[in-house]
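Shown here: model_22.csv, CSV, C-alpha atoms and all ligand atoms.
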```csv
chain,number,residue,atom,x,y,z
A,1,MET,CA,-7.7,-21.8,12.8
A,2,SER,CA,-5.8,-20.4,15.8
A,3,GLY,CA,-5.6,-16.7,16.5
A,4,LEU,CA,-1.9,-16.6,15.6
A,5,THR,CA,-2.3,-17.8,12.0
A,6,GLN,CA,-4.9,-15.2,11.4
A,7,ILE,CA,-2.4,-12.3,11.6
A,8,ALA,CA,-0.2,-12.0,8.5
A,9,ILE,CA,2.0,-9.1,9.7
A,10,GLU,CA,2.5,-7.8,13.2
A,11,THR,CA,4.9,-5.3,14.6
A,12,ARG,CA,5.7,-5.0,18.3
A,13,GLY,CA,7.5,-1.9,19.5
A,14,LEU,CA,9.1,-1.4,16.0
A,15,SER,CA,11.6,1.5,16.2
A,16,TYR,CA,14.3,2.5,13.8
A,17,ASN,CA,17.0,5.3,13.7
A,18,TYR,CA,19.0,5.7,10.6
A,19,PRO,CA,22.8,5.8,11.0
A,20,ASP,CA,22.7,9.7,10.8
A,21,ARG,CA,20.4,9.4,13.9
A,22,THR,CA,17.2,10.4,12.2
A,23,ALA,CA,14.5,8.8,14.3
A,24,ALA,CA,12.4,7.3,11.5
A,25,LEU,CA,10.1,5.0,13.4
A,26,ALA,CA,9.2,4.9,17.1
A,27,ASP,CA,7.2,2.2,18.8
A,28,ILE,CA,5.0,1.0,16.0
A,29,ASN,CA,2.5,-1.6,17.0
A,30,ILE,CA,0.2,-2.8,14.2
A,31,ALA,CA,-1.4,-6.0,13.1
A,32,VAL,CA,-2.6,-6.8,9.6
A,33,LYS,CA,-5.0,-9.7,9.4
A,34,LYS,CA,-4.5,-12.5,6.9
A,35,GLY,CA,-6.5,-11.4,3.8
A,36,GLY,CA,-6.6,-7.8,5.0
A,37,PHE,CA,-6.2,-4.8,2.7
A,38,THR,CA,-4.5,-2.1,4.8
A,39,GLY,CA,-3.1,1.3,3.9
A,40,ILE,CA,-0.3,3.2,5.6
A,41,LEU,CA,-1.2,6.8,5.0
A,42,GLY,CA,1.3,9.6,5.8
A,43,SER,CA,2.9,12.7,4.5
A,44,ASN,CA,6.4,12.9,3.0
A,45,GLY,CA,9.0,11.7,5.5
A,46,SER,CA,6.5,10.2,8.0
A,47,GLY,CA,8.2,6.8,7.8
A,48,LYS,CA,6.1,4.7,5.4
A,49,THR,CA,9.0,3.4,3.3
A,50,THR,CA,11.1,2.8,6.3
A,51,MET,CA,8.3,0.8,7.9
A,52,LEU,CA,7.8,-1.4,4.7
A,53,ARG,CA,11.6,-2.0,4.5
A,54,CYS,CA,11.6,-3.2,8.1
A,55,VAL,CA,8.6,-5.5,7.5
A,56,ASP,CA,10.3,-6.9,4.5
A,57,GLY,CA,13.5,-7.6,6.3
A,58,LEU,CA,15.6,-5.2,4.2
A,59,ILE,CA,16.4,-3.2,7.3
A,60,ARG,CA,17.2,-5.8,10.0
A,61,ASN,CA,18.8,-3.8,12.9
A,62,PHE,CA,15.6,-2.2,14.0
A,63,GLY,CA,14.3,-2.2,17.6
A,64,GLY,CA,11.3,-4.4,18.5
A,65,THR,CA,9.8,-7.3,16.6
A,66,VAL,CA,8.3,-7.9,13.2
A,67,LEU,CA,6.3,-11.1,12.8
A,68,ILE,CA,5.4,-12.5,9.4
A,69,GLU,CA,2.7,-15.2,9.8
A,70,GLY,CA,3.8,-15.5,13.4
A,71,ARG,CA,7.6,-15.9,12.6
A,72,ASP,CA,10.2,-13.4,13.6
A,73,VAL,CA,11.4,-11.7,10.4
A,74,LYS,CA,15.0,-11.3,11.8
A,75,LYS,CA,15.2,-15.1,12.0
A,76,LEU,CA,14.0,-15.8,8.5
A,77,SER,CA,16.5,-16.0,5.6
A,78,PRO,CA,16.0,-13.7,2.6
A,79,ARG,CA,14.8,-16.7,0.7
A,80,GLU,CA,12.2,-17.6,3.3
A,81,ILE,CA,11.0,-14.0,3.3
A,82,TYR,CA,10.7,-13.7,-0.5
A,83,SER,CA,8.8,-17.0,-0.7
A,84,ARG,CA,6.1,-15.5,1.4
A,85,MET,CA,6.1,-11.9,0.7
A,86,GLY,CA,7.0,-9.4,-2.0
A,87,LEU,CA,7.8,-5.7,-1.9
A,88,VAL,CA,7.2,-3.2,-4.7
A,89,PHE,CA,9.6,-0.3,-4.3
A,90,GLN,CA,8.5,3.3,-4.4
A,91,ASN,CA,11.0,4.1,-7.2
A,92,PRO,CA,10.7,1.6,-10.1
A,93,ASP,CA,14.3,2.3,-11.2
A,94,ASP,CA,15.4,0.6,-7.9
A,95,GLN,CA,13.5,-2.5,-8.8
A,96,LEU,CA,13.7,-3.1,-12.6
A,97,PHE,CA,17.0,-4.4,-14.0
A,98,ALA,CA,16.5,-6.8,-16.9
A,99,GLY,CA,16.8,-5.8,-20.6
A,100,THR,CA,13.2,-6.2,-21.6
A,101,LEU,CA,9.8,-6.0,-19.9
A,102,TRP,CA,9.2,-9.7,-20.5
A,103,GLU,CA,12.6,-10.7,-19.0
A,104,ASP,CA,12.1,-8.6,-16.0
A,105,VAL,CA,8.7,-10.1,-15.2
A,106,ALA,CA,10.0,-13.6,-15.9
A,107,PHE,CA,12.9,-13.2,-13.5
A,108,GLY,CA,10.9,-14.0,-10.3
A,109,PRO,CA,9.1,-17.1,-11.5
A,110,THR,CA,12.3,-18.4,-13.2
A,111,ASN,CA,14.1,-18.1,-9.9
A,112,MET,CA,11.3,-19.9,-8.2
A,113,GLY,CA,12.0,-22.9,-10.5
A,114,PHE,CA,8.9,-23.1,-12.6
A,115,ALA,CA,8.8,-24.9,-15.9
A,116,SER,CA,9.0,-22.7,-19.0
A,117,ASN,CA,5.4,-23.0,-20.0
A,118,GLU,CA,4.3,-22.1,-16.5
A,119,ILE,CA,6.7,-19.1,-16.6
A,120,ASP,CA,5.1,-18.0,-19.9
A,121,ARG,CA,1.6,-18.3,-18.5
A,122,ARG,CA,2.5,-16.3,-15.4
A,123,VAL,CA,4.2,-13.5,-17.3
A,124,LYS,CA,1.4,-13.2,-19.8
A,125,ALA,CA,-1.2,-13.1,-17.1
A,126,ALA,CA,0.7,-10.6,-15.0
A,127,LEU,CA,1.3,-8.3,-18.0
A,128,ALA,CA,-2.4,-8.5,-18.9
A,129,ASP,CA,-3.4,-7.7,-15.3
A,130,VAL,CA,-1.4,-4.4,-15.4
A,131,GLU,CA,-2.4,-3.7,-19.0
A,132,LEU,CA,1.1,-3.9,-20.4
A,133,ASP,CA,0.5,-6.9,-22.6
A,134,GLY,CA,1.4,-5.1,-25.8
A,135,LEU,CA,4.8,-4.1,-24.6
A,136,ALA,CA,6.4,-7.4,-23.6
A,137,GLY,CA,9.5,-7.0,-25.9
A,138,LYS,CA,10.1,-3.4,-25.1
A,139,SER,CA,13.3,-2.3,-23.4
A,140,ILE,CA,12.8,-1.5,-19.7
A,141,GLN,CA,14.7,1.8,-20.0
A,142,HIS,CA,12.3,3.1,-22.7
A,143,LEU,CA,9.1,2.5,-20.6
A,144,SER,CA,7.4,5.6,-19.2
A,145,PHE,CA,7.4,6.2,-15.5
A,146,GLY,CA,3.8,4.9,-15.1
A,147,GLN,CA,4.6,1.9,-17.3
A,148,LYS,CA,7.6,1.1,-15.1
A,149,LYS,CA,5.5,1.3,-11.9
A,150,ARG,CA,3.1,-1.2,-13.5
A,151,ALA,CA,6.0,-3.4,-14.7
A,152,CYS,CA,7.2,-3.7,-11.1
A,153,ILE,CA,3.8,-4.8,-9.9
A,154,ALA,CA,3.6,-7.3,-12.8
A,155,GLY,CA,6.9,-8.8,-11.6
A,156,LEU,CA,5.4,-9.4,-8.2
A,157,LEU,CA,2.1,-10.7,-9.5
A,158,ALA,CA,4.0,-13.3,-11.6
A,159,MET,CA,5.4,-14.7,-8.4
A,160,GLY,CA,2.0,-15.0,-6.7
A,161,HIS,CA,2.9,-14.1,-3.1
A,162,GLY,CA,0.4,-14.4,-0.3
A,163,ILE,CA,1.5,-11.1,1.1
A,164,LEU,CA,2.2,-8.0,-0.9
A,165,LEU,CA,3.9,-4.8,0.4
A,166,LEU,CA,3.5,-1.9,-2.0
A,167,ASP,CA,5.2,1.5,-1.6
A,168,GLU,CA,3.1,4.1,-3.3
A,169,PRO,CA,1.8,1.8,-6.1
A,170,THR,CA,-0.4,4.5,-7.6
A,171,ALA,CA,2.1,7.5,-7.5
A,172,GLY,CA,2.9,8.7,-11.0
A,173,LEU,CA,0.0,6.9,-12.6
A,174,ASP,CA,-2.6,8.9,-14.6
A,175,PRO,CA,-6.1,9.2,-12.9
A,176,MET,CA,-7.6,6.2,-14.7
A,177,GLY,CA,-4.3,4.3,-14.1
A,178,GLU,CA,-4.6,5.0,-10.4
A,179,TYR,CA,-8.2,3.8,-10.3
A,180,ARG,CA,-7.4,0.7,-12.3
A,181,MET,CA,-4.4,-0.2,-10.1
A,182,MET,CA,-6.5,0.1,-7.0
A,183,ARG,CA,-9.2,-2.0,-8.6
A,184,LEU,CA,-6.6,-4.7,-9.5
A,185,LEU,CA,-5.2,-4.8,-6.0
A,186,ALA,CA,-8.7,-5.0,-4.5
A,187,LYS,CA,-9.5,-7.9,-6.9
A,188,LEU,CA,-6.3,-9.7,-5.9
A,189,ASN,CA,-7.2,-9.2,-2.3
A,190,ARG,CA,-10.8,-10.3,-2.6
A,191,GLU,CA,-10.4,-13.2,-5.1
A,192,ASN,CA,-7.0,-14.6,-4.2
A,193,GLY,CA,-7.0,-13.7,-0.6
A,194,THR,CA,-3.7,-11.8,-1.0
A,195,THR,CA,-2.9,-9.8,2.1
A,196,ILE,CA,-1.9,-6.3,1.1
A,197,LEU,CA,-0.1,-3.6,3.0
A,198,MET,CA,0.4,-0.4,0.9
A,199,ALA,CA,1.9,3.0,1.6
A,200,THR,CA,0.1,5.9,0.0
A,201,HIS,CA,-0.8,9.6,0.4
A,202,SER,CA,-3.7,9.3,-2.0
A,203,VAL,CA,-6.5,10.3,0.4
A,204,ASP,CA,-9.2,10.4,-2.2
A,205,LEU,CA,-8.7,6.8,-3.5
A,206,VAL,CA,-8.0,4.8,-0.4
A,207,PRO,CA,-11.5,4.9,1.3
A,208,LEU,CA,-12.9,3.4,-1.9
A,209,PHE,CA,-10.8,0.3,-1.6
A,210,LEU,CA,-9.1,-0.3,1.7
A,211,ASP,CA,-10.4,-2.0,4.8
A,212,GLU,CA,-8.1,-0.4,7.3
A,213,LEU,CA,-5.9,2.6,7.5
A,214,ILE,CA,-2.9,3.4,9.6
A,215,ILE,CA,-2.0,7.1,9.7
A,216,LEU,CA,1.7,7.6,10.3
A,217,SER,CA,3.0,10.9,11.5
A,218,ARG,CA,6.7,11.5,12.3
A,219,GLY,CA,7.4,7.8,12.7
A,220,GLN,CA,4.5,7.1,15.0
A,221,VAL,CA,1.0,5.7,14.5
A,222,HIS,CA,-1.4,8.6,14.8
A,223,ARG,CA,-4.6,6.6,14.1
A,224,HIS,CA,-5.5,3.0,13.1
A,225,GLY,CA,-8.9,1.8,12.1
A,226,SER,CA,-11.5,1.8,9.3
A,227,PRO,CA,-11.4,4.7,6.9
A,228,GLU,CA,-14.6,6.0,8.6
A,229,ASP,CA,-12.9,6.0,12.0
A,230,VAL,CA,-9.6,7.4,10.8
A,231,PHE,CA,-10.8,10.4,8.7
A,232,THR,CA,-11.9,13.0,11.2
A,233,ALA,CA,-11.9,16.8,11.2
A,234,PRO,CA,-9.9,18.6,8.6
A,235,GLU,CA,-7.9,20.4,11.3
A,236,GLU,CA,-6.7,17.1,12.8
A,237,MET,CA,-5.7,15.9,9.3
A,238,ALA,CA,-3.9,19.1,8.7
A,239,GLY,CA,-2.0,18.5,11.9
A,240,VAL,CA,-0.5,15.4,10.4
A,241,LYS,CA,0.0,17.2,7.0
A,242,LEU,CA,-2.8,15.3,5.3
A,243,ARG,CA,-6.3,16.4,4.2
A,244,LEU,CA,-9.7,14.7,4.1
A,245,PRO,CA,-10.9,13.1,0.9
A,246,GLN,CA,-12.4,15.9,-1.1
A,247,ILE,CA,-15.9,14.5,-0.8
A,248,ALA,CA,-15.6,14.5,3.0
A,249,GLU,CA,-14.2,18.0,2.9
A,250,LEU,CA,-17.3,19.2,1.0
A,251,ILE,CA,-19.8,17.6,3.4
A,252,HIS,CA,-17.7,18.9,6.4
A,253,GLU,CA,-18.1,22.5,4.9
A,254,LEU,CA,-21.8,22.1,4.3
A,255,LYS,CA,-22.2,21.0,7.9
A,256,HIS,CA,-20.0,23.6,9.6
A,257,LYS,CA,-20.3,26.6,7.3
A,258,ASP,CA,-23.8,26.2,6.0
A,259,ASN,CA,-25.3,24.4,9.0
A,260,ILE,CA,-26.7,21.5,7.1
A,261,PRO,CA,-27.0,18.8,9.8
A,262,PHE,CA,-25.2,15.8,8.3
A,263,ASP,CA,-24.8,13.1,10.9
A,264,ARG,CA,-21.7,11.5,9.4
A,265,LEU,CA,-18.9,12.3,7.1
A,266,PRO,CA,-19.3,10.3,3.8
A,267,LEU,CA,-16.0,9.3,2.2
A,268,THR,CA,-17.2,8.3,-1.3
A,269,VAL,CA,-19.3,10.0,-4.0
A,270,GLY,CA,-22.0,7.2,-3.6
A,271,GLU,CA,-22.3,7.7,0.2
A,272,ALA,CA,-22.3,11.5,-0.2
A,273,ARG,CA,-25.0,11.3,-2.9
A,274,ARG,CA,-27.2,9.2,-0.6
A,275,GLU,CA,-26.7,11.6,2.4
A,276,ILE,CA,-27.4,14.7,0.3
A,277,ILE,CA,-30.6,13.2,-1.2
A,278,ARG,CA,-31.7,12.3,2.3
A,279,LYS,CA,-31.1,15.8,3.6
A,280,MET,CA,-33.0,17.3,0.7
A,281,GLY,CA,-36.0,15.3,1.9
A,282,ILE,CA,-36.3,13.5,-1.4
A,283,LEU,CA,-35.8,10.1,0.4
A,284,THR,CA,-37.2,9.5,3.8
B,301,LIG,N1,18.9,6.4,4.2
B,301,LIG,C1,18.5,7.3,5.1
B,301,LIG,N2,19.3,7.9,5.9
B,301,LIG,C2,18.9,8.9,6.8
B,301,LIG,N3,17.7,9.2,6.9
B,301,LIG,C3,16.7,8.7,6.1
B,301,LIG,C4,17.1,7.7,5.1
B,301,LIG,N4,16.0,7.3,4.5
B,301,LIG,C5,15.0,8.0,5.0
B,301,LIG,N5,15.4,8.8,6.0
B,301,LIG,C6,14.6,9.7,6.9
B,301,LIG,O1,13.7,8.9,7.6
B,301,LIG,C7,12.4,9.6,7.7
B,301,LIG,C8,11.3,8.7,7.1
B,301,LIG,O2,11.6,8.5,5.7
B,301,LIG,P1,10.7,7.6,4.8
B,301,LIG,O3,11.4,7.5,3.5
B,301,LIG,O4,10.4,6.3,5.5
B,301,LIG,O5,9.4,8.5,4.6
B,301,LIG,P2,8.1,8.2,3.7
B,301,LIG,O6,6.9,8.3,4.6
B,301,LIG,O7,8.3,7.0,2.9
B,301,LIG,O8,8.1,9.6,2.8
B,301,LIG,P3,7.7,9.8,1.2
B,301,LIG,O9,6.2,10.0,1.2
B,301,LIG,O10,8.4,11.0,0.8
B,301,LIG,O11,8.1,8.6,0.4
B,301,LIG,C9,12.6,10.9,7.0
B,301,LIG,O12,12.8,11.9,8.0
B,301,LIG,C10,13.8,10.7,6.1
B,301,LIG,O13,14.5,11.9,5.9
B,302,MG,MG,8.4,6.7,0.9
```
Write out the structure in this file as structure tokens.
Amino acid sequence: MSGLTQIAIETRGLSYNYPDRTAALADINIAVKKGGFTGILGSNGSGKTTMLRCVDGLIRNFGGTVLIEGRDVKKLSPREIYSRMGLVFQNPDDQLFAGTLWEDVAFGPTNMGFASNEIDRRVKAALADVELDGLAGKSIQHLSFGQKKRACIAGLLAMGHGILLLDEPTAGLDPMGEYRMMRLLAKLNRENGTTILMATHSVDLVPLFLDELIILSRGQVHRHGSPEDVFTAPEEMAGVKLRLPQIAELIHELKHKDNIPFDRLPLTVGEARREIIRKMGILT
């Protein structure tokens, strides 16, 4: 495979000012590998939604270039974009429109021209994946906020895109729902090879699941790398209005306030447990 086809999403000098002259994005250069699972982490107003809307071609008059599988998004028709890539909006009310849950999830595969038994199969599987299978006939407007978020994701799953863009997919879900959503996305990524780019401010969840993180601050990339590389000192995170995952915060305090000489900053409970046991001298 050539180098080009290995990159699913690339931005070169991506910049965007809203009509009221808000500078939302400035010179964003990122590359998401095919099959990658990347998070855009940033505080409110840092530019996450704007960036996803540019990548998805919803905003087209941006500066710079966005390439989807090597093709300039400005030169792709909406149909060409939607056949490769789906975007789950931050606010489910902007996305859902049909009468019932079943109708909403069936809309995409119907539009793609699948036969009715294939549509049924896809809708059933997608609703089961997001654990809404008991609610297929329910009116969209009577779903709870968390159920609406999951309904949006089911709508995209039923289309089976190779690239998924998700704007805060776990916001508004209960703690177990957040965890399950991330587990579902990780499974799609691992088993189906779906490339995922998702915006989030959930610093505690992301290191458990994502390969790469882009920290966005005031429309610029502050850091880009593995969660281990990106999460640094609490002071630096505070500078971009974020914090460390709580587990890393604890180890950082033990290191700097209690002088326990941890070599690295664990990001998950499992890693922290191993480091603590090692420091206690129980393991050599
Ligand atoms: N339609 C708009 N017109 C003018 N300014 C906008 C518009 N939409 C967003 N902005 C501004 O652009 C900047 C980036 O907003 P954006 O919605 O991309 O941030 P975000 O990182 O998604 O934030 P959040 O975490 O709150 O969803 C903000 O300063 C915001 O006020
Ligand atoms: Mg947003």
Step by step, measure atom-to-atom distances between ligand LIG 301 (chain B) and each residue using all atoms listed in the file, keep those at most 12 Å, then write them as an mmCIF file with C-alpha atoms, keeping the file's coordinate frame.
```
data_model
loop_
_atom_site.group_PDB
_atom_site.id
_atom_site.type_symbol
_atom_site.label_atom_id
_atom_site.label_comp_id
_atom_site.auth_asym_id
_atom_site.auth_seq_id
_atom_site.Cartn_x
_atom_site.Cartn_y
_atom_site.Cartn_z
ATOM 1 C CA SER A 15 11.600 1.500 16.200
ATOM 2 C CA TYR A 16 14.300 2.500 13.800
ATOM 3 C CA ASN A 17 17.000 5.300 13.700
ATOM 4 C CA TYR A 18 19.000 5.700 10.600
ATOM 5 C CA PRO A 19 22.800 5.800 11.000
ATOM 6 C CA ASP A 20 22.700 9.700 10.800
ATOM 7 C CA ARG A 21 20.400 9.400 13.900
ATOM 8 C CA THR A 22 17.200 10.400 12.200
ATOM 9 C CA ALA A 23 14.500 8.800 14.300
ATOM 10 C CA ALA A 24 12.400 7.300 11.500
ATOM 11 C CA LEU A 25 10.100 5.000 13.400
ATOM 12 C CA ALA A 26 9.200 4.900 17.100
ATOM 13 C CA ILE A 40 -0.300 3.200 5.600
ATOM 14 C CA LEU A 41 -1.200 6.800 5.000
ATOM 15 C CA GLY A 42 1.300 9.600 5.800
ATOM 16 C CA SER A 43 2.900 12.700 4.500
ATOM 17 C CA ASN A 44 6.400 12.900 3.000
ATOM 18 C CA GLY A 45 9.000 11.700 5.500
ATOM 19 C CA SER A 46 6.500 10.200 8.000
ATOM 20 C CA GLY A 47 8.200 6.800 7.800
ATOM 21 C CA LYS A 48 6.100 4.700 5.400
ATOM 22 C CA THR A 49 9.000 3.400 3.300
ATOM 23 C CA THR A 50 11.100 2.800 6.300
ATOM 24 C CA MET A 51 8.300 0.800 7.900
ATOM 25 C CA LEU A 52 7.800 -1.400 4.700
ATOM 26 C CA ARG A 53 11.600 -2.000 4.500
ATOM 27 C CA CYS A 54 11.600 -3.200 8.100
ATOM 28 C CA ILE A 59 16.400 -3.200 7.300
ATOM 29 C CA PHE A 89 9.600 -0.300 -4.300
ATOM 30 C CA GLN A 90 8.500 3.300 -4.400
ATOM 31 C CA ASN A 91 11.000 4.100 -7.200
ATOM 32 C CA LEU A 166 3.500 -1.900 -2.000
ATOM 33 C CA ASP A 167 5.200 1.500 -1.600
ATOM 34 C CA GLU A 168 3.100 4.100 -3.300
ATOM 35 C CA PRO A 169 1.800 1.800 -6.100
ATOM 36 C CA ALA A 171 2.100 7.500 -7.500
ATOM 37 C CA MET A 198 0.400 -0.400 0.900
ATOM 38 C CA ALA A 199 1.900 3.000 1.600
ATOM 39 C CA THR A 200 0.100 5.900 0.000
ATOM 40 C CA HIS A 201 -0.800 9.600 0.400
ATOM 41 C CA SER A 202 -3.700 9.300 -2.000
ATOM 42 C CA ILE A 215 -2.000 7.100 9.700
ATOM 43 C CA LEU A 216 1.700 7.600 10.300
ATOM 44 C CA SER A 217 3.000 10.900 11.500
ATOM 45 C CA ARG A 218 6.700 11.500 12.300
ATOM 46 C CA GLY A 219 7.400 7.800 12.700
ATOM 47 C CA GLN A 220 4.500 7.100 15.000
ATOM 48 C CA VAL A 221 1.000 5.700 14.500
ATOM 49 C CA VAL A 240 -0.500 15.400 10.400
ATOM 50 C CA LYS A 241 0.000 17.200 7.000
ATOM 51 C CA LEU A 242 -2.800 15.300 5.300
#
```
Close residues, Leu210 of chain A itself excluded, 12 Å, only C-alpha atoms, min 6 positions apart in chain, as number ranges by chain: A: 35-41, 182-183, 185-187, 189-190, 195-200, 202-204, 225-228, 230, 267
Could you dump the residues just selected with C-alpha atoms as an mmCIF file, in the coordinates of the input?
```
data_model
loop_
_atom_site.group_PDB
_atom_site.id
_atom_site.type_symbol
_atom_site.label_atom_id
_atom_site.label_comp_id
_atom_site.auth_asym_id
_atom_site.auth_seq_id
_atom_site.Cartn_x
_atom_site.Cartn_y
_atom_site.Cartn_z
ATOM 1 C CA GLY A 35 -6.500 -11.400 3.800
ATOM 2 C CA GLY A 36 -6.600 -7.800 5.000
ATOM 3 C CA PHE A 37 -6.200 -4.800 2.700
ATOM 4 C CA THR A 38 -4.500 -2.100 4.800
ATOM 5 C CA GLY A 39 -3.100 1.300 3.900
ATOM 6 C CA ILE A 40 -0.300 3.200 5.600
ATOM 7 C CA LEU A 41 -1.200 6.800 5.000
ATOM 8 C CA MET A 182 -6.500 0.100 -7.000
ATOM 9 C CA ARG A 183 -9.200 -2.000 -8.600
ATOM 10 C CA LEU A 185 -5.200 -4.800 -6.000
ATOM 11 C CA ALA A 186 -8.700 -5.000 -4.500
ATOM 12 C CA LYS A 187 -9.500 -7.900 -6.900
ATOM 13 C CA ASN A 189 -7.200 -9.200 -2.300
ATOM 14 C CA ARG A 190 -10.800 -10.300 -2.600
ATOM 15 C CA THR A 195 -2.900 -9.800 2.100
ATOM 16 C CA ILE A 196 -1.900 -6.300 1.100
ATOM 17 C CA LEU A 197 -0.100 -3.600 3.000
ATOM 18 C CA MET A 198 0.400 -0.400 0.900
ATOM 19 C CA ALA A 199 1.900 3.000 1.600
ATOM 20 C CA THR A 200 0.100 5.900 0.000
ATOM 21 C CA SER A 202 -3.700 9.300 -2.000
ATOM 22 C CA VAL A 203 -6.500 10.300 0.400
ATOM 23 C CA ASP A 204 -9.200 10.400 -2.200
ATOM 24 C CA GLY A 225 -8.900 1.800 12.100
ATOM 25 C CA SER A 226 -11.500 1.800 9.300
ATOM 26 C CA PRO A 227 -11.400 4.700 6.900
ATOM 27 C CA GLU A 228 -14.600 6.000 8.600
ATOM 28 C CA VAL A 230 -9.600 7.400 10.800
ATOM 29 C CA LEU A 267 -16.000 9.300 2.200
#
```
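Between atom CA of His256 of chain A and atom CA of Glu275 of chain A the separation is 15.5 Å.
Atom pair atom CA of Val66 of chain A / atom CA of Met85 of chain A has a distance of 13.3 Å (rounded to one decimal).
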Point-to-point distance from atom CA of Gly99 of chain A to atom CA of Leu143 of chain A, Å rounded to tenths: 11.3 Å
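Distances from A:Glu253, A:Leu244, A:Phe262, A:Val88 to ligand MG 302 (chain B) were compared using all atoms listed in the file, and the smallest one belongs to A:Val88.
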Protein and nucleic acid residues near (10.3, -14.0, -13.1) (cut-off 12 Å, all atoms listed in the file) as a ChimeraX atom specification: /A:96-98,100-116,118-124,126-127,151-160
Gly70 of chain A surroundings by all atoms listed in the file, 12 Å radius, close-in-sequence under 3 positions cut, as number ranges by chain: A: 2-12, 31-34, 65-67, 73, 75-76
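With all atoms listed in the file as the basis for measurement, A:Leu164 is the residue among A:Leu205, A:Ala125, A:Leu14, A:Leu164 that approaches Leu87 of chain A most closely.
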Distance criterion (all atoms listed in the file): nearest to Arg223 of chain A out of A:Gln246, A:Met176, A:Glu236, A:Arg71: A:Glu236
